[in-house]
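K.L.:
Supplied structure: data35.pdb, PDB, C-alpha atoms, pLDDT in the B column.
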ATOM      1  CA  MET A1466       0.000   0.000   0.000  1.00 50.00           C
ATOM      2  CA  ALA A1467       2.832   2.374   0.937  1.00 49.00           C
ATOM      3  CA  GLY A1468       4.499   1.702  -2.397  1.00 50.00           C
ATOM      4  CA  GLN A1469       1.292   2.495  -4.248  1.00 52.00           C
ATOM      5  CA  VAL A1470       0.939   5.782  -2.346  1.00 44.00           C
ATOM      6  CA  THR A1471       4.551   6.654  -3.122  1.00 46.00           C
ATOM      7  CA  MET A1472       3.993   6.044  -6.821  1.00 48.00           C
ATOM      8  CA  GLN A1473       0.834   8.168  -6.778  1.00 51.00           C
ATOM      9  CA  LEU A1474       2.681  10.982  -5.023  1.00 45.00           C
ATOM     10  CA  LEU A1475       5.581  10.758  -7.455  1.00 44.00           C
ATOM     11  CA  PHE A1476       3.165  10.911 -10.382  1.00 45.00           C
ATOM     12  CA  LEU A1477       1.462  14.016  -8.957  1.00 44.00           C
ATOM     13  CA  LEU A1478       4.803  15.695  -8.314  1.00 43.00           C
ATOM     14  CA  LEU A1479       5.782  15.073 -11.916  1.00 41.00           C
ATOM     15  CA  LEU A1480       2.520  16.625 -13.079  1.00 42.00           C
ATOM     16  CA  VAL A1481       3.188  19.716 -10.952  1.00 41.00           C
ATOM     17  CA  ALA A1482       6.748  20.039 -12.237  1.00 42.00           C
ATOM     18  CA  ASP A1483       5.613  19.534 -15.824  1.00 43.00           C
ATOM     19  CA  GLY A1484       2.901  22.160 -15.428  1.00 42.00           C
ATOM     20  CA  TRP A1485       5.416  24.631 -14.033  1.00 38.00           C
ATOM     21  CA  GLY A1486       7.757  23.919 -16.935  1.00 43.00           C
ATOM     22  CA  ILE A1487       5.003  24.516 -19.497  1.00 37.00           C
ATOM     23  CA  MET A1488       4.110  27.850 -17.928  1.00 37.00           C
ATOM     24  CA  ARG A1489       7.753  28.905 -17.887  1.00 37.00           C
ATOM     25  CA  GLN A1490       8.064  28.046 -21.579  1.00 37.00           C
ATOM     26  CA  SER A1491       4.865  29.911 -22.469  1.00 37.00           C
ATOM     27  CA  ARG A1492       6.201  33.200 -21.148  1.00 40.00           C
ATOM     28  CA  PRO A1493       7.411  35.613 -23.832  1.00 44.00           C
ATOM     29  CA  ALA A1494      11.108  35.093 -24.564  1.00 44.00           C
ATOM     30  CA  ARG A1495      11.697  38.836 -24.922  1.00 54.00           C
ATOM     31  CA  THR A1496      13.185  40.408 -21.794  1.00 67.00           C
ATOM     32  CA  GLU A1497      14.073  43.823 -23.231  1.00 84.00           C
ATOM     33  CA  LEU A1498      11.081  46.115 -23.018  1.00 91.00           C
ATOM     34  CA  LEU A1499      12.583  49.570 -23.539  1.00 94.00           C
ATOM     35  CA  ASN A1500      14.073  51.046 -26.702  1.00 96.00           C
ATOM     36  CA  VAL A1501      13.616  47.917 -28.806  1.00 95.00           C
ATOM     37  CA  CYS A1502      12.496  46.998 -32.320  1.00 96.00           C
ATOM     38  CA  MET A1503      10.213  44.127 -33.227  1.00 92.00           C
ATOM     39  CA  ASP A1504      11.505  41.141 -35.116  1.00 91.00           C
ATOM     40  CA  ALA A1505       9.443  41.810 -38.229  1.00 81.00           C
ATOM     41  CA  LYS A1506       9.794  42.164 -41.985  1.00 83.00           C
ATOM     42  CA  HIS A1507      11.051  45.739 -42.358  1.00 87.00           C
ATOM     43  CA  HIS A1508      12.172  46.677 -38.849  1.00 92.00           C
ATOM     44  CA  LYS A1509      15.780  47.494 -38.070  1.00 95.00           C
ATOM     45  CA  GLU A1510      17.537  45.230 -35.591  1.00 93.00           C
ATOM     46  CA  LYS A1511      18.080  48.128 -33.183  1.00 95.00           C
ATOM     47  CA  PRO A1512      16.635  51.653 -33.040  1.00 96.00           C
ATOM     48  CA  GLY A1513      18.758  54.643 -33.916  1.00 96.00           C
ATOM     49  CA  PRO A1514      18.725  58.106 -35.558  1.00 96.00           C
ATOM     50  CA  GLU A1515      17.219  58.440 -39.051  1.00 96.00           C
ATOM     51  CA  ASP A1516      17.520  62.069 -40.157  1.00 94.00           C
ATOM     52  CA  LYS A1517      15.797  61.514 -43.505  1.00 96.00           C
ATOM     53  CA  LEU A1518      12.535  59.942 -42.394  1.00 96.00           C
ATOM     54  CA  HIS A1519       9.702  60.988 -44.668  1.00 96.00           C
ATOM     55  CA  ASP A1520       6.765  63.285 -43.846  1.00 95.00           C
ATOM     56  CA  GLN A1521       4.480  61.725 -41.196  1.00 97.00           C
ATOM     57  CA  CYS A1522       7.236  59.435 -39.912  1.00 97.00           C
ATOM     58  CA  THR A1523       9.536  62.343 -38.989  1.00 97.00           C
ATOM     59  CA  PRO A1524       8.485  62.403 -35.290  1.00 97.00           C
ATOM     60  CA  TRP A1525      10.665  59.293 -34.846  1.00 97.00           C
ATOM     61  CA  LYS A1526      13.762  60.594 -36.649  1.00 96.00           C
ATOM     62  CA  LYS A1527      15.835  60.935 -33.442  1.00 96.00           C
ATOM     63  CA  ASN A1528      15.336  57.263 -32.628  1.00 97.00           C
ATOM     64  CA  ALA A1529      13.596  54.961 -35.081  1.00 96.00           C
ATOM     65  CA  CYS A1530      13.114  51.298 -35.900  1.00 96.00           C
ATOM     66  CA  CYS A1531      12.424  52.152 -39.556  1.00 96.00           C
ATOM     67  CA  SER A1532      14.711  53.277 -42.355  1.00 95.00           C
ATOM     68  CA  ALA A1533      14.205  56.309 -44.598  1.00 95.00           C
ATOM     69  CA  ASN A1534      13.236  54.042 -47.509  1.00 94.00           C
ATOM     70  CA  THR A1535      10.609  52.289 -45.398  1.00 95.00           C
ATOM     71  CA  SER A1536       9.141  55.630 -44.328  1.00 94.00           C
ATOM     72  CA  GLN A1537       8.818  56.725 -47.948  1.00 94.00           C
ATOM     73  CA  GLU A1538       7.037  53.517 -48.949  1.00 93.00           C
ATOM     74  CA  LEU A1539       4.544  53.942 -46.111  1.00 93.00           C
ATOM     75  CA  HIS A1540       3.172  57.077 -47.775  1.00 94.00           C
ATOM     76  CA  LYS A1541       2.276  55.395 -51.079  1.00 89.00           C
ATOM     77  CA  ASP A1542      -1.283  54.325 -51.893  1.00 81.00           C
ATOM     78  CA  THR A1543      -0.063  50.789 -52.609  1.00 79.00           C
ATOM     79  CA  SER A1544       3.178  50.283 -50.758  1.00 76.00           C
ATOM     80  CA  LEU A1545       5.745  47.776 -51.996  1.00 79.00           C
ATOM     81  CA  LEU A1546       6.358  46.871 -48.352  1.00 84.00           C
ATOM     82  CA  TYR A1547       3.240  44.709 -48.149  1.00 88.00           C
ATOM     83  CA  ASN A1548       1.402  45.333 -51.477  1.00 91.00           C
ATOM     84  CA  PHE A1549      -1.475  46.621 -49.399  1.00 93.00           C
ATOM     85  CA  ASN A1550      -3.955  48.898 -51.153  1.00 93.00           C
ATOM     86  CA  TRP A1551      -5.815  51.422 -49.000  1.00 94.00           C
ATOM     87  CA  ASP A1552      -8.206  52.084 -51.905  1.00 95.00           C
ATOM     88  CA  HIS A1553      -9.698  48.583 -52.065  1.00 95.00           C
ATOM     89  CA  CYS A1554     -13.238  50.057 -51.993  1.00 97.00           C
ATOM     90  CA  GLY A1555     -12.680  53.185 -54.008  1.00 96.00           C
ATOM     91  CA  GLN A1556     -10.408  56.055 -53.114  1.00 95.00           C
ATOM     92  CA  MET A1557      -9.968  56.525 -49.395  1.00 96.00           C
ATOM     93  CA  GLU A1558     -10.488  60.101 -48.256  1.00 97.00           C
ATOM     94  CA  ALA A1559      -7.251  61.997 -47.649  1.00 96.00           C
ATOM     95  CA  LYS A1560      -8.146  62.868 -44.044  1.00 97.00           C
ATOM     96  CA  CYS A1561      -8.718  59.177 -43.352  1.00 97.00           C
ATOM     97  CA  LYS A1562      -5.558  58.013 -45.119  1.00 97.00           C
ATOM     98  CA  ARG A1563      -3.474  60.291 -42.905  1.00 97.00           C
ATOM     99  CA  HIS A1564      -4.409  58.153 -39.902  1.00 97.00           C
ATOM    100  CA  PHE A1565      -3.445  54.937 -41.647  1.00 96.00           C
ATOM    101  CA  ILE A1566      -0.089  56.376 -42.638  1.00 96.00           C
ATOM    102  CA  GLN A1567       0.475  57.543 -39.072  1.00 97.00           C
ATOM    103  CA  ASP A1568      -0.543  54.131 -37.758  1.00 97.00           C
ATOM    104  CA  SER A1569       1.954  52.539 -40.161  1.00 96.00           C
ATOM    105  CA  CYS A1570       4.703  54.928 -39.044  1.00 96.00           C
ATOM    106  CA  LEU A1571       4.042  54.040 -35.414  1.00 97.00           C
ATOM    107  CA  TYR A1572       4.140  50.326 -36.252  1.00 95.00           C
ATOM    108  CA  GLU A1573       7.341  50.469 -38.301  1.00 95.00           C
ATOM    109  CA  CYS A1574       9.256  53.237 -36.529  1.00 97.00           C
ATOM    110  CA  SER A1575       8.433  53.261 -32.820  1.00 97.00           C
ATOM    111  CA  PRO A1576      11.023  51.854 -30.378  1.00 97.00           C
ATOM    112  CA  ASN A1577       8.544  52.260 -27.502  1.00 97.00           C
ATOM    113  CA  LEU A1578       6.265  49.266 -27.948  1.00 96.00           C
ATOM    114  CA  GLY A1579       8.353  46.680 -26.084  1.00 95.00           C
ATOM    115  CA  PRO A1580       5.866  46.027 -23.248  1.00 96.00           C
ATOM    116  CA  TRP A1581       3.287  44.871 -25.800  1.00 96.00           C
ATOM    117  CA  ILE A1582       5.482  42.822 -28.163  1.00 95.00           C
ATOM    118  CA  ARG A1583       4.462  39.187 -28.441  1.00 93.00           C
ATOM    119  CA  GLN A1584       5.896  36.274 -30.369  1.00 91.00           C
ATOM    120  CA  VAL A1585       3.977  35.050 -33.420  1.00 88.00           C
ATOM    121  CA  ASP A1586       4.479  32.350 -36.006  1.00 86.00           C
ATOM    122  CA  GLN A1587       3.928  34.211 -39.272  1.00 84.00           C
ATOM    123  CA  SER A1588       5.890  34.061 -42.501  1.00 81.00           C
ATOM    124  CA  TRP A1589       6.552  37.800 -42.554  1.00 81.00           C
ATOM    125  CA  ARG A1590       7.266  38.466 -38.896  1.00 86.00           C
ATOM    126  CA  LYS A1591       8.213  36.714 -35.682  1.00 90.00           C
ATOM    127  CA  GLU A1592       6.797  39.376 -33.382  1.00 92.00           C
ATOM    128  CA  ARG A1593       3.832  41.724 -33.256  1.00 92.00           C
ATOM    129  CA  PHE A1594       2.374  44.061 -30.670  1.00 92.00           C
ATOM    130  CA  LEU A1595      -0.862  43.316 -28.883  1.00 95.00           C
ATOM    131  CA  ASP A1596      -3.284  45.511 -26.885  1.00 97.00           C
ATOM    132  CA  VAL A1597      -1.196  48.677 -27.027  1.00 98.00           C
ATOM    133  CA  PRO A1598      -3.127  51.253 -24.938  1.00 98.00           C
ATOM    134  CA  LEU A1599      -3.937  53.851 -27.602  1.00 98.00           C
ATOM    135  CA  CYS A1600      -4.925  57.291 -26.298  1.00 98.00           C
ATOM    136  CA  ARG A1601      -8.656  57.720 -26.613  1.00 97.00           C
ATOM    137  CA  GLU A1602      -8.425  61.003 -28.571  1.00 97.00           C
ATOM    138  CA  ASP A1603      -6.206  59.394 -31.203  1.00 98.00           C
ATOM    139  CA  CYS A1604      -8.726  56.608 -31.683  1.00 98.00           C
ATOM    140  CA  GLN A1605     -11.689  58.982 -31.704  1.00 98.00           C
ATOM    141  CA  SER A1606     -10.183  61.253 -34.365  1.00 98.00           C
ATOM    142  CA  TRP A1607      -9.200  58.224 -36.481  1.00 98.00           C
ATOM    143  CA  TRP A1608     -12.792  57.006 -36.441  1.00 98.00           C
ATOM    144  CA  GLU A1609     -14.280  60.457 -37.059  1.00 98.00           C
ATOM    145  CA  ASP A1610     -12.063  61.099 -40.077  1.00 98.00           C
ATOM    146  CA  CYS A1611     -12.673  57.656 -41.595  1.00 98.00           C
ATOM    147  CA  ARG A1612     -16.357  57.048 -40.931  1.00 96.00           C
ATOM    148  CA  THR A1613     -17.411  58.105 -44.450  1.00 97.00           C
ATOM    149  CA  SER A1614     -14.626  56.260 -46.319  1.00 98.00           C
ATOM    150  CA  HIS A1615     -15.326  52.733 -47.515  1.00 98.00           C
ATOM    151  CA  THR A1616     -14.060  49.235 -46.776  1.00 98.00           C
ATOM    152  CA  CYS A1617     -15.327  45.641 -46.914  1.00 97.00           C
ATOM    153  CA  LYS A1618     -13.857  44.009 -43.801  1.00 96.00           C
ATOM    154  CA  THR A1619     -13.654  44.435 -40.042  1.00 96.00           C
ATOM    155  CA  ASN A1620     -10.316  42.638 -39.586  1.00 96.00           C
ATOM    156  CA  TRP A1621      -7.675  43.782 -42.046  1.00 96.00           C
ATOM    157  CA  GLN A1622      -5.074  41.400 -40.657  1.00 92.00           C
ATOM    158  CA  LYS A1623      -6.395  38.380 -42.537  1.00 93.00           C
ATOM    159  CA  GLY A1624      -8.985  37.107 -44.999  1.00 95.00           C
ATOM    160  CA  TRP A1625      -8.115  39.192 -48.077  1.00 96.00           C
ATOM    161  CA  ASN A1626      -8.083  37.903 -51.633  1.00 96.00           C
ATOM    162  CA  TRP A1627      -4.423  38.076 -52.702  1.00 95.00           C
ATOM    163  CA  THR A1628      -4.702  36.374 -56.115  1.00 95.00           C
ATOM    164  CA  SER A1629      -3.831  39.595 -57.947  1.00 94.00           C
ATOM    165  CA  GLY A1630      -0.750  40.178 -55.802  1.00 93.00           C
ATOM    166  CA  MET A1631      -2.373  42.848 -53.677  1.00 93.00           C
ATOM    167  CA  ASN A1632      -5.274  42.819 -51.245  1.00 95.00           C
ATOM    168  CA  GLU A1633      -8.765  42.728 -52.724  1.00 96.00           C
ATOM    169  CA  CYS A1634     -12.114  42.250 -51.026  1.00 97.00           C
ATOM    170  CA  PRO A1635     -13.141  38.622 -50.504  1.00 95.00           C
ATOM    171  CA  VAL A1636     -15.923  37.264 -52.678  1.00 92.00           C
ATOM    172  CA  LYS A1637     -19.344  38.463 -51.479  1.00 90.00           C
ATOM    173  CA  ALA A1638     -17.762  41.049 -49.150  1.00 95.00           C
ATOM    174  CA  ALA A1639     -19.634  44.256 -49.915  1.00 97.00           C
ATOM    175  CA  CYS A1640     -18.128  47.713 -49.682  1.00 98.00           C
ATOM    176  CA  HIS A1641     -19.782  49.933 -47.078  1.00 98.00           C
ATOM    177  CA  THR A1642     -18.731  52.937 -45.029  1.00 98.00           C
ATOM    178  CA  PHE A1643     -16.297  52.502 -42.181  1.00 98.00           C
ATOM    179  CA  GLU A1644     -19.133  53.424 -39.836  1.00 97.00           C
ATOM    180  CA  PHE A1645     -21.080  50.403 -41.104  1.00 98.00           C
ATOM    181  CA  TYR A1646     -18.242  47.983 -40.339  1.00 98.00           C
ATOM    182  CA  PHE A1647     -16.926  49.902 -37.328  1.00 98.00           C
ATOM    183  CA  PRO A1648     -19.904  51.445 -35.484  1.00 98.00           C
ATOM    184  CA  THR A1649     -17.728  52.776 -32.637  1.00 98.00           C
ATOM    185  CA  PRO A1650     -14.167  54.115 -32.319  1.00 98.00           C
ATOM    186  CA  ALA A1651     -13.201  51.047 -30.270  1.00 98.00           C
ATOM    187  CA  ALA A1652     -14.522  48.720 -32.977  1.00 98.00           C
ATOM    188  CA  LEU A1653     -12.166  50.369 -35.464  1.00 98.00           C
ATOM    189  CA  CYS A1654      -9.027  50.719 -33.365  1.00 97.00           C
ATOM    190  CA  GLU A1655      -9.259  47.332 -31.654  1.00 97.00           C
ATOM    191  CA  GLY A1656     -10.648  45.229 -34.483  1.00 96.00           C
ATOM    192  CA  LEU A1657      -8.820  46.622 -37.507  1.00 96.00           C
ATOM    193  CA  TRP A1658      -5.438  44.969 -36.891  1.00 96.00           C
ATOM    194  CA  ASP A1659      -6.639  42.024 -34.815  1.00 94.00           C
ATOM    195  CA  HIS A1660      -6.313  43.671 -31.378  1.00 96.00           C
ATOM    196  CA  ALA A1661      -3.015  45.422 -31.972  1.00 96.00           C
ATOM    197  CA  TYR A1662      -4.531  48.315 -30.018  1.00 97.00           C
ATOM    198  CA  LYS A1663      -6.787  48.599 -27.021  1.00 97.00           C
ATOM    199  CA  VAL A1664      -8.505  51.946 -26.561  1.00 98.00           C
ATOM    200  CA  SER A1665      -7.306  53.520 -23.337  1.00 97.00           C
ATOM    201  CA  ASN A1666      -9.416  55.513 -20.898  1.00 96.00           C
ATOM    202  CA  TYR A1667      -6.425  57.824 -20.524  1.00 97.00           C
ATOM    203  CA  SER A1668      -5.875  61.006 -22.525  1.00 96.00           C
ATOM    204  CA  ARG A1669      -2.933  62.294 -24.470  1.00 95.00           C
ATOM    205  CA  GLY A1670      -0.206  63.668 -22.209  1.00 94.00           C
ATOM    206  CA  SER A1671      -1.190  61.428 -19.295  1.00 96.00           C
ATOM    207  CA  GLY A1672       1.902  59.260 -19.576  1.00 96.00           C
ATOM    208  CA  ARG A1673      -0.357  56.210 -19.509  1.00 97.00           C
ATOM    209  CA  CYS A1674      -1.308  55.760 -23.171  1.00 98.00           C
ATOM    210  CA  ILE A1675       0.549  55.570 -26.476  1.00 98.00           C
ATOM    211  CA  GLN A1676       0.150  58.560 -28.770  1.00 98.00           C
ATOM    212  CA  MET A1677      -0.020  57.947 -32.481  1.00 96.00           C
ATOM    213  CA  TRP A1678       0.385  61.667 -33.074  1.00 93.00           C
ATOM    214  CA  PHE A1679       2.906  63.863 -31.234  1.00 95.00           C
ATOM    215  CA  ASP A1680       5.091  66.921 -31.749  1.00 94.00           C
ATOM    216  CA  PRO A1681       8.759  65.826 -31.654  1.00 93.00           C
ATOM    217  CA  ALA A1682       9.750  69.362 -30.639  1.00 92.00           C
ATOM    218  CA  HIS A1683       8.465  68.427 -27.172  1.00 93.00           C
ATOM    219  CA  GLY A1684      10.090  65.010 -27.136  1.00 93.00           C
ATOM    220  CA  ASN A1685       8.564  61.582 -27.580  1.00 96.00           C
ATOM    221  CA  PRO A1686       5.814  61.107 -24.942  1.00 97.00           C
ATOM    222  CA  ASN A1687       5.674  57.364 -25.619  1.00 97.00           C
ATOM    223  CA  GLU A1688       9.043  56.859 -23.928  1.00 97.00           C
ATOM    224  CA  GLU A1689       7.482  57.673 -20.548  1.00 97.00           C
ATOM    225  CA  VAL A1690       4.518  55.400 -21.293  1.00 97.00           C
ATOM    226  CA  ALA A1691       6.759  52.459 -22.158  1.00 97.00           C
ATOM    227  CA  ARG A1692       8.784  52.978 -18.962  1.00 96.00           C
ATOM    228  CA  PHE A1693       5.641  53.033 -16.831  1.00 96.00           C
ATOM    229  CA  TYR A1694       4.292  49.759 -18.213  1.00 96.00           C
ATOM    230  CA  ALA A1695       7.705  48.072 -18.289  1.00 94.00           C
ATOM    231  CA  GLU A1696       8.220  48.890 -14.614  1.00 93.00           C
ATOM    232  CA  ALA A1697       4.743  47.629 -13.777  1.00 91.00           C
ATOM    233  CA  MET A1698       5.443  44.375 -15.597  1.00 88.00           C
ATOM    234  CA  SER A1699       8.804  44.033 -13.859  1.00 84.00           C
ATOM    235  CA  ARG A1700       7.186  44.409 -10.439  1.00 84.00           C
ATOM    236  CA  ALA A1701       4.553  41.827 -11.323  1.00 80.00           C
ATOM    237  CA  ALA A1702       6.969  39.293 -12.856  1.00 67.00           C
ATOM    238  CA  PRO A1703       8.088  37.509  -9.636  1.00 56.00           C
ATOM    239  CA  ARG A1704       4.502  36.751  -8.726  1.00 49.00           C
ATOM    240  CA  GLY A1705       3.865  33.583 -10.712  1.00 46.00           C
ATOM    241  CA  HIS A1706       1.977  30.366 -10.286  1.00 47.00           C
ATOM    242  CA  GLY A1707       5.089  28.373  -9.313  1.00 47.00           C
ATOM    243  CA  PRO A1708       4.817  28.962  -5.536  1.00 47.00           C
ATOM    244  CA  LEU A1709       1.117  28.142  -5.670  1.00 45.00           C
ATOM    245  CA  LEU A1710       1.794  24.863  -7.450  1.00 45.00           C
ATOM    246  CA  PHE A1711       4.434  23.765  -4.968  1.00 44.00           C
ATOM    247  CA  CYS A1712       2.260  24.738  -2.010  1.00 47.00           C
ATOM    248  CA  LEU A1713      -0.176  22.125  -3.264  1.00 46.00           C
ATOM    249  CA  VAL A1714       2.339  19.319  -2.707  1.00 47.00           C
ATOM    250  CA  PRO A1715       1.847  19.064   1.099  1.00 48.00           C
ATOM    251  CA  LEU A1716      -1.920  19.101   0.574  1.00 46.00           C
ATOM    252  CA  LEU A1717      -1.638  16.285  -1.953  1.00 46.00           C
ATOM    253  CA  LEU A1718       0.487  14.318   0.488  1.00 44.00           C
ATOM    254  CA  LEU A1719      -2.036  14.746   3.283  1.00 47.00           C
ATOM    255  CA  TRP A1720      -4.821  13.669   0.926  1.00 47.00           C
ATOM    256  CA  LEU A1721      -2.949  10.523  -0.123  1.00 47.00           C
ATOM    257  CA  LEU A1722      -1.996   9.548   3.416  1.00 46.00           C
ATOM    258  CA  GLY A1723      -5.313  10.520   4.996  1.00 50.00           C
TER     259      GLY A1723
END
Hey, can you dump this file as structure tokens for me?
P.N.:
Amino acid sequence: MAGQVTMQLLFLLLLVADGWGIMRQSRPARTELLNVCMDAKHHKEKPGPEDKLHDQCTPWKKNACCSANTSQELHKDTSLLYNFNWDHCGQMEAKCKRHFIQDSCLYECSPNLGPWIRQVDQSWRKERFLDVPLCREDCQSWWEDCRTSHTCKTNWQKGWNWTSGMNECPVKAACHTFEFYFPTPAALCEGLWDHAYKVSNYSRGSGRCIQMWFDPAHGNPNEEVARFYAEAMSRAAPRGHGPLLFCLVPLLLLWLLG
């Protein structure tokens, strides 16, 4: 009987250890959260100065993850970077397109998204960002300026028809206004790129949300935001499930021997 109990206990201990190992492996491998570039198709390996960044990407010229050539491509209607056509449902209004260019500049150029970088298994990138807290005014103005432009999908990350070499609407996907597909600002900002952003309750200048738009003459406000969330994550890191799992061992022993 004692031998059977010992074997049962050993089996349970192995399950606990295995569970702890799985959780350790599931944690993001990235440890650098500040001043970093994603491992993606057009990102530089490390951020640095880029004096010749183009137009809407210039706010990042003092420290950028994008090159000058990348910044120029981002301003084209159909960029060679991804062969993505903004005008898939007729010409997008200029005021709307400005937000998409700015969004692209933030994605390609910002070195301040480390706290939200996650590993992915995609052919064109190994990392993406997820649930970046976007300042509510930036999301609101994006939605307001795009509500009368047209699209045919709610998630632009996947599901396009690429047979022509660039994105086209899927069969039976009708073109309607942005407001039809995205009835609220949150629906647009959170759904568009498959939860890349999460609309924050904080306002611009709070130091608690990422700004898509900022005046570089006053510095990059997203540096402070990244530091805040990186420090919060660092404080939370030691508190894992490991201690809880190993506290269960005495209880399991008592149960087996009871």
K.L.:
Starting from the PyMOL selection byres ((chain A and resi 1617-1623) around 7), expand the selection into actual residues of this file and give them as JSON, numbers by chain.
P.N.:
{"A": [1616, 1624, 1625, 1634, 1638, 1639, 1640, 1641, 1646, 1647, 1656, 1657, 1658, 1659]}
K.L.:
Which distance in Å separates CA of Glu1558 (chain A) and CA of Ile1675 (chain A), to one decimal?
P.N.:
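CA of Glu1558 (chain A) sits 24.8 Å away from CA of Ile1675 (chain A).
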K.L.:
Leaving out Ile1582 (chain A) and any residue of its chain fewer than 6 positions from it, which residues lie within 8 Å of it when counting all atoms listed in the file, given as an mmCIF file with C-alpha atoms, keeping the file's coordinate frame?
P.N.:
data_model
loop_
_atom_site.group_PDB
_atom_site.id
_atom_site.type_symbol
_atom_site.label_atom_id
_atom_site.label_comp_id
_atom_site.auth_asym_id
_atom_site.auth_seq_id
_atom_site.Cartn_x
_atom_site.Cartn_y
_atom_site.Cartn_z
ATOM 1 C CA MET A 1503 10.213 44.127 -33.227
ATOM 2 C CA GLU A 1592 6.797 39.376 -33.382
ATOM 3 C CA ARG A 1593 3.832 41.724 -33.256
ATOM 4 C CA PHE A 1594 2.374 44.061 -30.670
ATOM 5 C CA LEU A 1595 -0.862 43.316 -28.883
#
K.L.:
Quick check, in Å to one decimal: how far apart do CA of Asp1520 (chain A) and CA of Gln1605 (chain A) lie?
P.N.:
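Atom-to-atom, CA of Asp1520 (chain A) to CA of Gln1605 (chain A), that is 22.5 Å.
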K.L.:
Can you pull out the residues contacting Glu1573 (chain A)? Cut-off 10 Å, using all atoms listed in the file, and skip same-chain residues under 2 positions away; I want them as a PyMOL selection string.
P.N.:
chain A and resi 1502-1503+1505-1509+1522+1529-1532+1535-1536+1539+1567-1571+1575-1576
K.L.:
So the first atom is CA of Met1677 (chain A) and the second is CA of Asp1586 (chain A); what is the distance between them in Å, to one decimal place?
P.N.:
26.2 Å
K.L.:
Evaluate the PyMOL selection byres ((chain A and resi 1674) around 6) on the structure here and hand back the selected residues as a list of chain:residue names.
P.N.:
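Given this file, the PyMOL selection byres ((chain A and resi 1674) around 6) evaluates to A:Pro1598, A:Leu1599, A:Cys1600, A:Gly1672, A:Arg1673, A:Ile1675.
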K.L.:
Using all atoms listed in the file, which residues sit within 10 Å of region 1548-1552 of chain A once same-chain residues fewer than 6 positions away are excluded, as a list of chain:residue names?
P.N.:
A:Lys1541, A:Asp1542, A:Glu1558, A:Lys1562, A:Phe1565, A:Ile1566, A:Ser1614, A:His1615, A:Thr1616, A:Trp1627, A:Gly1630, A:Met1631, A:Asn1632, A:Glu1633
K.L.:
Check which residues satisfy the PyMOL selection byres ((chain A and resi 1526) around 10) in the file shown, then give them as a ChimeraX atom specification.
P.N.:
/A:1513-1519,1522-1525,1527-1533,1574-1575,1681
K.L.:
Any chance you could work out the axis-aligned box around region 1529-1541 of chain A, listed atoms only, 3 Å on each side, giving centre and edge lengths in Å to one decimal, as lines of an AutoDock Vina configuration file?
P.N.:
center_x = 8.5
center_y = 54.2
center_z = -43.1
size_x = 18.4
size_y = 11.8
size_z = 22.0
K.L.:
Between A:Asn1534, A:Asn1500, A:Gln1587, A:Ser1606, which residue has the minimum interatomic distance to Thr1649 (chain A), considering only C-alpha atoms?
P.N.:
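Answer, going by the shortest atom-to-atom distance: A:Ser1606.
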K.L.:
Within 10 Å of Glu1689 (chain A), counting all atoms listed in the file, which residues qualify if same-chain residues fewer than 2 places away don't, as a list in words?
P.N.:
Asn1577, Gly1670, Ser1671, Gly1672, Arg1673, Cys1674, Ile1675, Asn1685, Pro1686, Asn1687, Ala1691, Arg1692, Phe1693, Tyr1694 and Ala1695 of chain A
K.L.:
Which residue out of A:Val1501, A:Cys1554, A:Leu1545, A:Cys1561 has the minimum interatomic distance to Pro1635 (chain A) when all atoms listed in the file are used?
P.N.:
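For Pro1635 (chain A), the nearest of the given residues is A:Cys1554.
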K.L.:
Could you give me, as an MDAnalysis selection string, the residues within 9 Å of Lys1560 (chain A), counting all atoms listed in the file and dropping anything in the same chain fewer than 3 positions from it?
P.N.:
chainID A and resid 1557 1563:1564 1607 1610:1611
K.L.:
Could you dump the residues just selected with C-alpha atoms as an mmCIF file, in the coordinates of the input?
P.N.:
data_model
loop_
_atom_site.group_PDB
_atom_site.id
_atom_site.type_symbol
_atom_site.label_atom_id
_atom_site.label_comp_id
_atom_site.auth_asym_id
_atom_site.auth_seq_id
_atom_site.Cartn_x
_atom_site.Cartn_y
_atom_site.Cartn_z
ATOM 1 C CA MET A 1557 -9.968 56.525 -49.395
ATOM 2 C CA ARG A 1563 -3.474 60.291 -42.905
ATOM 3 C CA HIS A 1564 -4.409 58.153 -39.902
ATOM 4 C CA TRP A 1607 -9.200 58.224 -36.481
ATOM 5 C CA ASP A 1610 -12.063 61.099 -40.077
ATOM 6 C CA CYS A 1611 -12.673 57.656 -41.595
#
